[in-house]
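Shown next: input.cif, given as mmCIF, C-alpha atoms.
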```
data_entry
loop_
_atom_site.label_atom_id
_atom_site.label_comp_id
_atom_site.auth_asym_id
_atom_site.auth_seq_id
_atom_site.Cartn_x
_atom_site.Cartn_y
_atom_site.Cartn_z
CA MET A 223 31.52 -1.64 -11.79
CA SER A 224 29.37 -2.02 -14.92
CA VAL A 225 27.20 -4.93 -15.96
CA ARG A 226 26.42 -5.91 -19.54
CA VAL A 227 22.72 -6.36 -20.18
CA SER A 228 20.76 -7.48 -23.21
CA ILE A 229 17.05 -7.23 -23.98
CA VAL A 230 15.20 -9.95 -25.86
CA GLY A 231 12.17 -8.34 -27.46
CA GLY A 232 13.45 -4.79 -27.56
CA SER A 233 11.02 -3.30 -30.08
CA GLY A 234 7.82 -3.42 -27.98
CA TYR A 235 6.63 -0.91 -25.42
CA VAL A 236 8.22 -2.69 -22.45
CA GLY A 237 11.42 -3.25 -24.42
CA GLY A 238 11.48 0.45 -25.27
CA GLU A 239 11.10 1.44 -21.64
CA LEU A 240 13.89 -0.95 -20.66
CA LEU A 241 16.14 0.65 -23.27
CA ARG A 242 15.24 4.17 -22.10
CA LEU A 243 16.09 3.28 -18.51
CA LEU A 244 19.16 1.13 -19.10
CA LEU A 245 20.85 3.43 -21.62
CA PHE A 246 20.95 6.09 -18.89
CA HIS A 247 21.77 3.74 -16.03
CA PRO A 248 25.23 4.71 -14.69
CA LEU A 249 26.23 1.11 -13.90
CA VAL A 250 24.98 -0.63 -17.05
CA THR A 251 26.11 -1.15 -20.63
CA VAL A 252 23.42 -2.22 -23.07
CA ALA A 253 25.06 -4.92 -25.18
CA GLN A 254 22.24 -6.10 -27.45
CA ALA A 255 18.53 -5.71 -28.09
CA THR A 256 16.64 -8.14 -30.28
CA SER A 257 13.85 -7.75 -32.80
CA GLU A 258 13.29 -10.32 -35.52
CA ARG A 259 11.31 -7.83 -37.59
CA LEU A 260 13.79 -4.97 -37.26
CA ALA A 261 17.09 -6.87 -37.13
CA SER A 262 20.07 -4.72 -38.25
CA LYS A 263 18.04 -1.49 -37.93
CA PRO A 264 18.73 1.24 -35.34
CA ILE A 265 16.69 1.01 -32.14
CA THR A 266 15.37 4.51 -32.87
CA VAL A 267 13.25 3.04 -35.67
CA ALA A 268 11.00 1.60 -32.96
CA HIS A 269 11.77 4.15 -30.22
CA PRO A 270 12.10 7.64 -31.75
CA ASN A 271 12.33 9.21 -28.28
CA LEU A 272 15.90 7.83 -28.13
CA ARG A 273 17.11 9.82 -31.17
CA GLY A 274 20.34 11.69 -30.57
CA ILE A 275 21.24 9.75 -27.43
CA PRO A 276 24.94 8.83 -27.78
CA ALA A 277 24.56 5.41 -26.12
CA ALA A 278 21.60 4.58 -28.37
CA ARG A 279 23.76 4.99 -31.47
CA GLU A 280 25.85 2.03 -30.32
CA VAL A 281 22.91 -0.39 -30.36
CA GLN A 282 21.13 -1.86 -33.35
CA PHE A 283 18.45 -4.50 -33.22
CA THR A 284 19.71 -8.01 -33.77
CA SER A 285 18.03 -11.39 -34.14
CA GLN A 286 17.83 -13.82 -31.24
CA ASP A 287 20.18 -16.29 -32.90
CA ARG A 288 22.95 -13.67 -32.72
CA LEU A 289 22.71 -13.15 -28.96
CA THR A 290 25.99 -13.40 -27.05
CA PRO A 291 26.56 -13.96 -23.32
CA CYS A 292 25.90 -11.09 -20.92
CA ASP A 293 25.54 -10.47 -17.19
CA VAL A 294 21.78 -9.84 -17.06
CA LEU A 295 19.24 -10.85 -19.69
CA PHE A 296 15.85 -9.13 -19.81
CA LEU A 297 13.06 -10.98 -21.61
CA ALA A 298 10.28 -8.80 -23.01
CA LEU A 299 8.57 -11.35 -25.23
CA PRO A 300 4.95 -12.25 -25.98
CA HIS A 301 3.22 -14.71 -23.69
CA GLY A 302 4.68 -18.21 -23.94
CA ASP A 303 7.84 -17.37 -25.89
CA ALA A 304 10.14 -17.05 -22.87
CA ALA A 305 9.02 -20.34 -21.34
CA ARG A 306 9.55 -22.25 -24.58
CA ALA A 307 13.13 -20.99 -24.91
CA ILE A 308 14.17 -20.61 -21.25
CA ASP A 309 16.83 -23.35 -21.37
CA ARG A 310 18.61 -21.57 -24.22
CA PHE A 311 18.32 -18.16 -22.55
CA ALA A 312 19.73 -19.56 -19.30
CA GLU A 313 22.93 -20.47 -21.16
CA LEU A 314 23.46 -16.81 -22.08
CA ALA A 315 23.32 -15.10 -18.68
CA PRO A 316 23.63 -15.96 -14.98
CA ARG A 317 20.71 -13.65 -14.16
CA ILE A 318 17.41 -13.42 -16.05
CA ILE A 319 14.49 -11.05 -15.52
CA ASP A 320 11.41 -12.10 -17.48
CA CYS A 321 8.83 -9.37 -18.02
CA SER A 322 6.15 -11.70 -19.39
CA ALA A 323 3.58 -13.75 -17.48
CA ASP A 324 5.41 -17.02 -18.08
CA PHE A 325 7.02 -17.45 -14.66
CA ARG A 326 4.80 -15.42 -12.32
CA LEU A 327 2.78 -18.32 -10.95
CA ARG A 328 4.52 -20.98 -8.90
CA ASP A 329 1.83 -23.66 -9.29
CA PRO A 330 1.54 -25.28 -12.75
CA ALA A 331 -2.10 -26.10 -12.03
CA LEU A 332 -2.84 -22.45 -11.28
CA TYR A 333 -1.11 -21.50 -14.53
CA ALA A 334 -3.21 -24.01 -16.49
CA ARG A 335 -6.40 -22.72 -14.90
CA TRP A 336 -5.79 -19.05 -15.67
CA TYR A 337 -3.94 -19.34 -18.98
CA GLY A 338 -5.86 -22.27 -20.46
CA GLU A 339 -2.84 -24.38 -21.35
CA THR A 340 -0.14 -26.54 -19.82
CA HIS A 341 2.99 -24.62 -18.89
CA PRO A 342 5.78 -25.27 -21.42
CA ALA A 343 8.49 -25.52 -18.72
CA PRO A 344 6.86 -26.29 -15.36
CA HIS A 345 10.16 -27.34 -13.75
CA TRP A 346 11.33 -23.73 -14.10
CA LEU A 347 8.47 -22.15 -12.14
CA GLU A 348 9.97 -22.77 -8.70
CA ARG A 349 13.28 -21.24 -9.78
CA PHE A 350 11.77 -17.79 -10.33
CA VAL A 351 11.11 -15.23 -7.59
CA TYR A 352 8.00 -13.09 -8.08
CA GLY A 353 9.51 -9.74 -9.01
CA LEU A 354 7.74 -7.20 -6.81
CA PRO A 355 10.35 -5.78 -4.40
CA GLU A 356 7.72 -4.55 -1.95
CA LEU A 357 6.84 -8.21 -1.38
CA HIS A 358 10.08 -10.14 -1.96
CA ARG A 359 13.03 -7.76 -1.67
CA ASP A 360 15.33 -10.10 0.25
CA ALA A 361 14.64 -13.06 -2.04
CA ILE A 362 15.23 -10.92 -5.13
CA ARG A 363 18.66 -9.86 -3.83
CA THR A 364 19.94 -13.43 -3.99
CA ALA A 365 17.88 -14.65 -6.95
CA ARG A 366 19.22 -15.71 -10.32
CA TYR A 367 15.80 -15.68 -11.98
CA VAL A 368 13.09 -13.10 -11.37
CA SER A 369 9.66 -12.98 -12.96
CA GLY A 370 7.80 -9.99 -14.26
CA VAL A 371 4.74 -8.59 -12.53
CA GLY A 372 1.33 -8.03 -14.05
CA CYS A 373 0.56 -4.32 -14.18
CA ASN A 374 -3.00 -4.78 -12.89
CA ALA A 375 -1.74 -7.20 -10.25
CA THR A 376 0.94 -4.71 -9.18
CA ALA A 377 -1.60 -1.93 -8.64
CA THR A 378 -3.98 -4.31 -6.85
CA ASN A 379 -1.31 -5.91 -4.65
CA LEU A 380 0.06 -2.54 -3.58
CA ALA A 381 -3.43 -1.22 -2.86
CA LEU A 382 -4.33 -4.19 -0.65
CA LEU A 383 -0.99 -5.08 0.94
CA PRO A 384 -1.29 -2.71 3.96
CA LEU A 385 -4.77 -4.04 4.75
CA VAL A 386 -3.64 -7.66 4.49
CA ARG A 387 -0.55 -7.15 6.65
CA ALA A 388 -2.56 -5.34 9.32
CA GLY A 389 -5.29 -8.00 9.31
CA LEU A 390 -7.99 -5.45 8.56
CA ILE A 391 -9.91 -7.36 5.88
CA ASP A 392 -12.90 -9.53 6.81
CA PRO A 393 -12.02 -12.92 5.27
CA ALA A 394 -15.71 -13.81 5.01
CA ARG A 395 -16.43 -10.88 2.66
CA ASP A 396 -15.47 -10.48 -0.99
CA VAL A 397 -12.85 -7.94 -2.07
CA ILE A 398 -13.81 -6.17 -5.30
CA VAL A 399 -11.17 -4.32 -7.34
CA GLU A 400 -11.90 -2.12 -10.35
CA VAL A 401 -8.78 -1.37 -12.41
CA LYS A 402 -8.90 1.36 -15.05
CA VAL A 403 -6.13 1.03 -17.64
CA GLY A 404 -4.57 2.89 -20.56
CA SER A 405 -4.22 1.69 -24.13
CA SER A 406 -0.52 0.80 -23.85
CA GLU A 407 -1.52 -2.21 -21.75
CA GLY A 408 -2.56 -3.82 -25.04
CA GLY A 409 1.04 -3.75 -26.36
CA ALA A 410 2.60 -2.31 -29.48
CA GLN A 411 0.87 -4.53 -32.03
CA PRO A 412 -2.33 -2.88 -33.32
CA GLY A 413 -5.65 -4.65 -33.33
CA GLU A 414 -9.31 -3.99 -33.97
CA SER A 415 -9.96 -2.78 -30.43
CA SER A 416 -6.93 -0.43 -30.51
CA HIS A 417 -7.93 1.23 -33.82
CA HIS A 418 -8.14 4.95 -32.99
CA PRO A 419 -11.84 5.47 -33.80
CA GLU A 420 -12.69 2.50 -31.59
CA ARG A 421 -10.28 3.24 -28.72
CA SER A 422 -10.49 7.03 -28.47
CA GLY A 423 -12.88 8.22 -25.79
CA ALA A 424 -13.43 4.67 -24.58
CA VAL A 425 -14.65 3.63 -21.17
CA ARG A 426 -14.82 -0.04 -22.08
CA SER A 427 -15.11 -2.95 -19.68
CA PHE A 428 -13.04 -5.60 -21.42
CA ALA A 429 -12.58 -8.05 -18.53
CA PRO A 430 -15.41 -7.66 -16.00
CA VAL A 431 -14.53 -11.10 -14.59
CA GLY A 432 -11.80 -13.69 -14.98
CA HIS A 433 -8.78 -11.49 -15.64
CA ARG A 434 -5.53 -13.48 -15.45
CA HIS A 435 -3.81 -11.07 -13.10
CA THR A 436 -6.27 -12.16 -10.41
CA ALA A 437 -4.11 -15.28 -9.99
CA GLU A 438 -1.12 -13.17 -8.93
CA VAL A 439 -3.15 -11.43 -6.22
CA VAL A 440 -4.44 -14.76 -4.92
CA GLN A 441 -0.91 -16.17 -4.88
CA GLU A 442 0.86 -13.19 -3.35
CA LEU A 443 -1.67 -11.93 -0.81
CA GLY A 444 -3.48 -15.17 0.00
CA LEU A 445 -6.90 -13.66 -0.63
CA SER A 446 -9.26 -16.36 -1.85
CA ARG A 447 -12.23 -14.02 -2.31
CA VAL A 448 -10.73 -11.28 -4.49
CA HIS A 449 -12.31 -10.28 -7.80
CA LEU A 450 -10.85 -7.99 -10.48
CA SER A 451 -12.68 -6.04 -13.18
CA ILE A 452 -10.63 -4.24 -15.85
CA THR A 453 -11.86 -1.18 -17.77
CA SER A 454 -10.13 0.62 -20.66
CA VAL A 455 -10.20 4.41 -20.34
CA GLU A 456 -8.85 7.40 -22.25
CA LEU A 457 -5.20 7.07 -21.23
CA VAL A 458 -2.07 5.88 -23.03
CA ARG A 459 -0.12 5.07 -19.86
CA GLY A 460 -1.51 4.30 -16.47
CA ALA A 461 -3.46 1.95 -14.24
CA LEU A 462 -5.67 2.92 -11.32
CA ALA A 463 -6.81 0.15 -8.97
CA THR A 464 -9.72 0.97 -6.67
CA ALA A 465 -10.20 -1.84 -4.16
CA HIS A 466 -13.30 -2.21 -1.99
CA ALA A 467 -12.93 -4.35 1.13
CA PHE A 468 -14.85 -4.69 4.38
CA ALA A 469 -13.14 -4.45 7.74
CA SER A 470 -12.97 -7.42 10.08
CA ALA A 471 -13.60 -5.07 13.04
CA PRO A 472 -14.45 -1.38 13.48
CA VAL A 473 -11.75 0.65 11.74
CA SER A 474 -10.92 4.35 11.72
CA GLU A 475 -8.93 6.62 9.45
CA LYS A 476 -6.12 6.60 12.03
CA ASP A 477 -6.02 2.80 11.84
CA LEU A 478 -5.53 3.03 8.08
CA TRP A 479 -2.80 5.63 8.40
CA ARG A 480 -0.96 3.28 10.76
CA ALA A 481 -1.37 0.34 8.39
CA PHE A 482 -0.17 2.25 5.32
CA ARG A 483 2.78 3.85 7.11
CA ALA A 484 3.83 0.48 8.51
CA ALA A 485 3.74 -1.05 5.01
CA TYR A 486 5.27 1.79 3.03
CA GLY A 487 7.06 4.17 5.38
CA SER A 488 10.49 3.00 4.18
CA GLU A 489 9.62 2.00 0.61
CA PRO A 490 11.61 4.00 -1.95
CA PHE A 491 8.96 3.91 -4.69
CA VAL A 492 5.63 3.92 -2.86
CA ARG A 493 4.13 7.26 -1.81
CA ILE A 494 1.08 7.66 0.42
CA VAL A 495 -1.20 10.25 -1.18
CA ARG A 496 -4.10 11.47 0.92
CA GLU A 497 -4.26 15.24 0.81
CA LYS A 498 -7.01 17.40 2.28
CA GLN A 499 -7.05 19.93 -0.54
CA GLY A 500 -5.95 20.46 -4.13
CA VAL A 501 -6.66 18.60 -7.37
CA TYR A 502 -4.53 15.52 -6.67
CA ARG A 503 -5.86 14.56 -3.25
CA LEU A 504 -5.76 10.85 -4.06
CA PRO A 505 -3.60 8.76 -6.41
CA GLU A 506 -3.78 9.72 -10.11
CA PRO A 507 -1.86 7.82 -12.83
CA LYS A 508 -1.63 10.87 -15.10
CA ILE A 509 1.18 12.45 -13.07
CA LEU A 510 3.15 9.20 -12.87
CA ALA A 511 3.87 8.86 -16.60
CA GLY A 512 7.45 7.67 -17.06
CA SER A 513 7.92 7.17 -13.32
CA ASN A 514 8.59 4.07 -11.24
CA TYR A 515 6.56 5.41 -8.32
CA ALA A 516 3.31 3.91 -7.08
CA ASP A 517 0.96 6.31 -5.32
CA VAL A 518 -1.41 4.75 -2.79
CA GLY A 519 -4.29 6.24 -0.86
CA PHE A 520 -7.40 5.25 1.05
CA ALA A 521 -10.78 6.22 2.45
CA VAL A 522 -13.08 4.55 4.94
CA ASP A 523 -16.78 4.60 5.69
CA GLU A 524 -16.62 4.04 9.43
CA GLU A 525 -20.37 3.43 9.65
CA THR A 526 -20.38 0.45 7.25
CA GLY A 527 -16.75 -0.68 7.61
CA ARG A 528 -16.09 -0.33 3.87
CA ILE A 529 -12.46 0.46 3.10
CA VAL A 530 -11.53 1.90 -0.29
CA SER A 531 -7.84 1.48 -1.08
CA ILE A 532 -6.39 3.06 -4.22
CA CYS A 533 -3.13 2.60 -6.15
CA ALA A 534 -1.97 4.45 -9.26
CA ILE A 535 0.99 3.42 -11.41
CA ASP A 536 2.42 3.82 -14.89
CA ASN A 537 1.67 0.35 -16.26
CA LEU A 538 4.82 0.30 -18.41
CA MET A 539 7.04 1.37 -15.53
CA LYS A 540 6.08 0.22 -12.04
CA GLY A 541 3.88 -2.33 -13.79
CA ALA A 542 6.69 -3.67 -16.00
CA ALA A 543 10.06 -2.18 -17.02
CA GLY A 544 10.66 0.05 -14.00
CA THR A 545 10.12 -2.75 -11.53
CA ALA A 546 12.33 -5.00 -13.68
CA VAL A 547 15.20 -2.51 -13.42
CA GLN A 548 14.52 -2.11 -9.69
CA CYS A 549 14.92 -5.90 -9.40
CA MET A 550 18.14 -5.78 -11.42
CA ASN A 551 19.53 -3.19 -9.01
CA LEU A 552 18.78 -5.50 -6.09
CA MET A 553 20.20 -8.58 -7.82
CA CYS A 554 23.43 -6.79 -8.74
CA GLY A 555 23.95 -5.13 -5.36
CA PHE A 556 23.30 -1.61 -6.66
CA GLU A 557 21.44 1.06 -4.71
CA GLU A 558 17.79 0.27 -5.40
CA ARG A 559 16.85 3.71 -6.76
CA THR A 560 19.70 3.90 -9.29
CA GLY A 561 18.42 5.04 -12.68
CA LEU A 562 14.81 5.22 -11.49
CA GLU A 563 14.34 8.52 -9.68
CA PHE A 564 12.50 10.40 -12.44
CA PRO A 565 9.35 11.67 -10.67
CA GLY A 566 6.91 11.97 -13.60
CA LEU A 567 5.64 15.09 -15.33
CA HIS A 568 3.15 17.81 -14.38
CA PRO A 569 1.27 19.05 -16.27
CA ILE A 570 1.04 16.49 -19.04
#
```

Represent the supplied structure as structure tokens.
Amino acid sequence: MSVRVSIVGGSGYVGGELLRLLLFHPLVTVAQATSERLASKPITVAHPNLRGIPAAREVQFTSQDRLTPCDVLFLALPHGDAARAIDRFAELAPRIIDCSADFRLRDPALYARWYGETHPAPHWLERFVYGLPELHRDAIRTARYVSGVGCNATATNLALLPLVRAGLIDPARDVIVEVKVGSSEGGAQPGESSHHPERSGAVRSFAPVGHRHTAEVVQELGLSRVHLSITSVELVRGALATAHAFASAPVSEKDLWRAFRAAYGSEPFVRIVREKQGVYRLPEPKILAGSNYADVGFAVDEETGRIVSICAIDNLMKGAAGTAVQCMNLMCGFEERTGLEFPGLHPI
């Protein structure tokens, strides 16, 4: 069994990761990939890492108006573009996975608050399932439309999920999350802040308050007192969420082990990392580059009740394209790990 997939917006970083994964997926044929700027050019013009790959030679970029029907359509477009054209895209494929922020929030009012504009297609919001398998696996299996996940929200949600499920967080106290991110989070289009002399060596707080991905954490975990701060650091790929929460009752390290094992003991792409020795004792995004794994870890100050929960991901993979392919596997009835078992590189 093979499904035909197409990628709308194939020339960006997320589109490139989708192509890298899907061209090697044993149950997929990549039919088309769009780029208005690079239409009729080989996909290797934008993604030189795919040079020499036999399947890549069969695909050239095309324009959106030349799209033909397929089985699964991936949307990797700038914010707002997918929502404005969703009716047309829905005519092309029975299953759609949108990697943008357009369909992540179910409430149009929440969307307007965090994105500063009215949603272009509010009647579509309830049709999409939030595409994080660790939260909505069963719903994704039967879904026709699945949303993308924010990379910072993914790292934050996975860091906090065990604490929320175990009821360990004091609801009267604020939860503070610092997320350190690599430059690829800014996308493939260069800007003043991504100019090498300005970006290199940076430890730059670019969203100390009010980051949009906060809305996804509020929606998915039901935490009304959660606050994200985002800091750019000297990475290309990677996001590291460090969440600080206070326990609702005295909590021990054993309690946290139980909570994390209960949440992630059977998850195929979440690894609990809490070693007693070595360099990588806690989650580190560096060793996850190119991988769909999320590494989670924790520490606790038993005297004060402060819990520190940590999650590391590759923002382009578990935070975007990797999770999208994981969702496709679920939607199509494939084994969930298919095409996604690359473990990352060390050293890098």

Selection result for the PyMOL selection byres ((chain A and resi 241) around 9) on this file, as a PyMOL selection string: chain A and resi 229+232+236-240+242-246+252+255+265+269+272+278

Quick one: write out the picked residues with C-alpha atoms as a short mmCIF file (atom, residue, chain, number, x, y, z; two decimals), keeping the file's coordinate frame?
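The resulting file, selection-v7.cif, is shown below:
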```cif
data_model
loop_
_atom_site.label_atom_id
_atom_site.label_comp_id
_atom_site.auth_asym_id
_atom_site.auth_seq_id
_atom_site.Cartn_x
_atom_site.Cartn_y
_atom_site.Cartn_z
CA ILE A 229 17.05 -7.23 -23.98
CA GLY A 232 13.45 -4.79 -27.56
CA VAL A 236 8.22 -2.69 -22.45
CA GLY A 237 11.42 -3.25 -24.42
CA GLY A 238 11.48 0.45 -25.27
CA GLU A 239 11.10 1.44 -21.64
CA LEU A 240 13.89 -0.95 -20.66
CA ARG A 242 15.24 4.17 -22.10
CA LEU A 243 16.09 3.28 -18.51
CA LEU A 244 19.16 1.13 -19.10
CA LEU A 245 20.85 3.43 -21.62
CA PHE A 246 20.95 6.09 -18.89
CA VAL A 252 23.42 -2.22 -23.07
CA ALA A 255 18.53 -5.71 -28.09
CA ILE A 265 16.69 1.01 -32.14
CA HIS A 269 11.77 4.15 -30.22
CA LEU A 272 15.90 7.83 -28.13
CA ALA A 278 21.60 4.58 -28.37
#
```

With the file shown as input, list the residues that the PyMOL selection byres ((chain A and resi 425-440) around 6) selects, as a ChimeraX atom specification. /A:336,375,424,441-446,451-455

With C-alpha atoms retained, export the selected residues as a PDB file, in the coordinates of the input.
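File part_21.pdb, as written:
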```
ATOM      1  CA  TRP A 336      -5.790 -19.050 -15.670  1.00  0.00           C
ATOM      2  CA  ALA A 375      -1.740  -7.200 -10.250  1.00  0.00           C
ATOM      3  CA  ALA A 424     -13.430   4.670 -24.580  1.00  0.00           C
ATOM      4  CA  GLN A 441      -0.910 -16.170  -4.880  1.00  0.00           C
ATOM      5  CA  GLU A 442       0.860 -13.190  -3.350  1.00  0.00           C
ATOM      6  CA  LEU A 443      -1.670 -11.930  -0.810  1.00  0.00           C
ATOM      7  CA  GLY A 444      -3.480 -15.170   0.000  1.00  0.00           C
ATOM      8  CA  LEU A 445      -6.900 -13.660  -0.630  1.00  0.00           C
ATOM      9  CA  SER A 446      -9.260 -16.360  -1.850  1.00  0.00           C
ATOM     10  CA  SER A 451     -12.680  -6.040 -13.180  1.00  0.00           C
ATOM     11  CA  ILE A 452     -10.630  -4.240 -15.850  1.00  0.00           C
ATOM     12  CA  THR A 453     -11.860  -1.180 -17.770  1.00  0.00           C
ATOM     13  CA  SER A 454     -10.130   0.620 -20.660  1.00  0.00           C
ATOM     14  CA  VAL A 455     -10.200   4.410 -20.340  1.00  0.00           C
TER      15      VAL A 455
END
```

Surrounding residues of Gly404 of chain A excluding itself and chain neighbours under 6 positions, 12 Å, all atoms listed in the file, as a short mmCIF file (atom, residue, chain, number, x, y, z; two decimals) with C-alpha atoms, in the frame of the given file:
```cif
data_model
loop_
_atom_site.label_atom_id
_atom_site.label_comp_id
_atom_site.auth_asym_id
_atom_site.auth_seq_id
_atom_site.Cartn_x
_atom_site.Cartn_y
_atom_site.Cartn_z
CA CYS A 373 0.56 -4.32 -14.18
CA ASN A 374 -3.00 -4.78 -12.89
CA SER A 416 -6.93 -0.43 -30.51
CA ARG A 421 -10.28 3.24 -28.72
CA SER A 422 -10.49 7.03 -28.47
CA GLY A 423 -12.88 8.22 -25.79
CA ALA A 424 -13.43 4.67 -24.58
CA VAL A 425 -14.65 3.63 -21.17
CA ARG A 426 -14.82 -0.04 -22.08
CA ILE A 452 -10.63 -4.24 -15.85
CA THR A 453 -11.86 -1.18 -17.77
CA SER A 454 -10.13 0.62 -20.66
CA VAL A 455 -10.20 4.41 -20.34
CA GLU A 456 -8.85 7.40 -22.25
CA LEU A 457 -5.20 7.07 -21.23
CA VAL A 458 -2.07 5.88 -23.03
CA ARG A 459 -0.12 5.07 -19.86
CA GLY A 460 -1.51 4.30 -16.47
CA ALA A 461 -3.46 1.95 -14.24
CA LEU A 462 -5.67 2.92 -11.32
CA PRO A 507 -1.86 7.82 -12.83
CA LYS A 508 -1.63 10.87 -15.10
CA ALA A 511 3.87 8.86 -16.60
CA ALA A 534 -1.97 4.45 -9.26
CA ILE A 535 0.99 3.42 -11.41
CA ASP A 536 2.42 3.82 -14.89
CA ASN A 537 1.67 0.35 -16.26
CA LEU A 538 4.82 0.30 -18.41
#
```

Just give me the gap between atom CA of Val225 of chain A and atom CA of Met539 of chain A in Å, one decimal is fine.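 About the pair atom CA of Val225 of chain A and atom CA of Met539 of chain A: they are 21.1 Å apart.
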
Using all atoms listed in the file: which of A:Val230, A:Val401, A:Val501, A:Cys549 has the shortest distance to Ser531 of chain A: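 Nearest to Ser531 of chain A: A:Val401.
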
Which residues match the PyMOL selection byres ((chain A and resi 366) around 7) in the file above, as JSON, numbers by chain? {"A": [316, 317, 318, 364, 365, 367, 368]}

The residues within 12 Å of (16.6, 2.2, -36.2), using all atoms listed in the file and the coordinates of the file, should be reported as a list in words; which are they? Gly232, Ser233, Ala255, Thr256, Ser257, Arg259, Leu260, Ala261, Ser262, Lys263, Pro264, Ile265, Thr266, Val267, Ala268, His269, Pro270, Asn271, Leu272, Arg273, Gly274, Ala278, Arg279, Glu280, Val281, Gln282, Phe283 and Thr284 of chain A

For Asp517 of chain A, which residue out of A:Ala485, A:Ala381, A:Ser415, A:Met550 is the nearest one, using all atoms listed in the file? A:Ala381

May I ask which of the residues A:Val492, A:Ala343, A:Ile319, A:Ala467 is the closest one to Ala516 of chain A, counting only C-alpha atoms? A:Val492

File for segment 511-523 of chain A (N, CA, C and O atoms), as a short mmCIF file (atom, residue, chain, number, x, y, z; two decimals), in the first residue's frame:
```cif
data_model
loop_
_atom_site.label_atom_id
_atom_site.label_comp_id
_atom_site.auth_asym_id
_atom_site.auth_seq_id
_atom_site.Cartn_x
_atom_site.Cartn_y
_atom_site.Cartn_z
N ALA A 511 19.24 16.64 16.65
CA ALA A 511 19.15 17.24 15.31
C ALA A 511 18.76 16.18 14.27
O ALA A 511 19.40 15.14 14.15
N GLY A 512 17.68 16.45 13.55
CA GLY A 512 17.19 15.54 12.53
C GLY A 512 16.32 14.43 13.06
O GLY A 512 15.85 13.59 12.28
N SER A 513 16.03 14.43 14.34
CA SER A 513 15.31 13.34 14.99
C SER A 513 13.91 13.78 15.39
O SER A 513 13.67 14.94 15.69
N ASN A 514 13.00 12.82 15.44
CA ASN A 514 11.63 13.09 15.89
C ASN A 514 11.45 12.80 17.37
O ASN A 514 10.34 12.85 17.89
N TYR A 515 12.53 12.55 18.08
CA TYR A 515 12.42 12.26 19.51
C TYR A 515 12.32 13.55 20.32
O TYR A 515 12.86 14.58 19.95
N ALA A 516 11.61 13.46 21.43
CA ALA A 516 11.60 14.49 22.46
C ALA A 516 12.21 13.87 23.71
O ALA A 516 11.78 12.80 24.16
N ASP A 517 13.22 14.52 24.25
CA ASP A 517 13.82 14.07 25.51
C ASP A 517 13.28 14.92 26.65
O ASP A 517 13.27 16.15 26.56
N VAL A 518 12.81 14.27 27.69
CA VAL A 518 12.25 14.99 28.84
C VAL A 518 13.01 14.57 30.10
O VAL A 518 13.49 13.44 30.22
N GLY A 519 13.10 15.51 31.01
CA GLY A 519 13.75 15.25 32.29
C GLY A 519 13.20 16.16 33.36
O GLY A 519 12.35 17.01 33.09
N PHE A 520 13.70 16.01 34.58
CA PHE A 520 13.13 16.77 35.69
C PHE A 520 14.11 16.86 36.84
O PHE A 520 15.08 16.10 36.93
N ALA A 521 13.83 17.78 37.74
CA ALA A 521 14.50 17.91 39.03
C ALA A 521 13.51 18.51 39.99
O ALA A 521 12.53 19.15 39.58
N VAL A 522 13.74 18.32 41.28
CA VAL A 522 12.82 18.86 42.28
C VAL A 522 13.61 19.34 43.49
O VAL A 522 14.58 18.71 43.91
N ASP A 523 13.20 20.48 44.00
CA ASP A 523 13.69 20.98 45.27
C ASP A 523 12.63 20.61 46.30
O ASP A 523 11.61 21.27 46.42
#
```
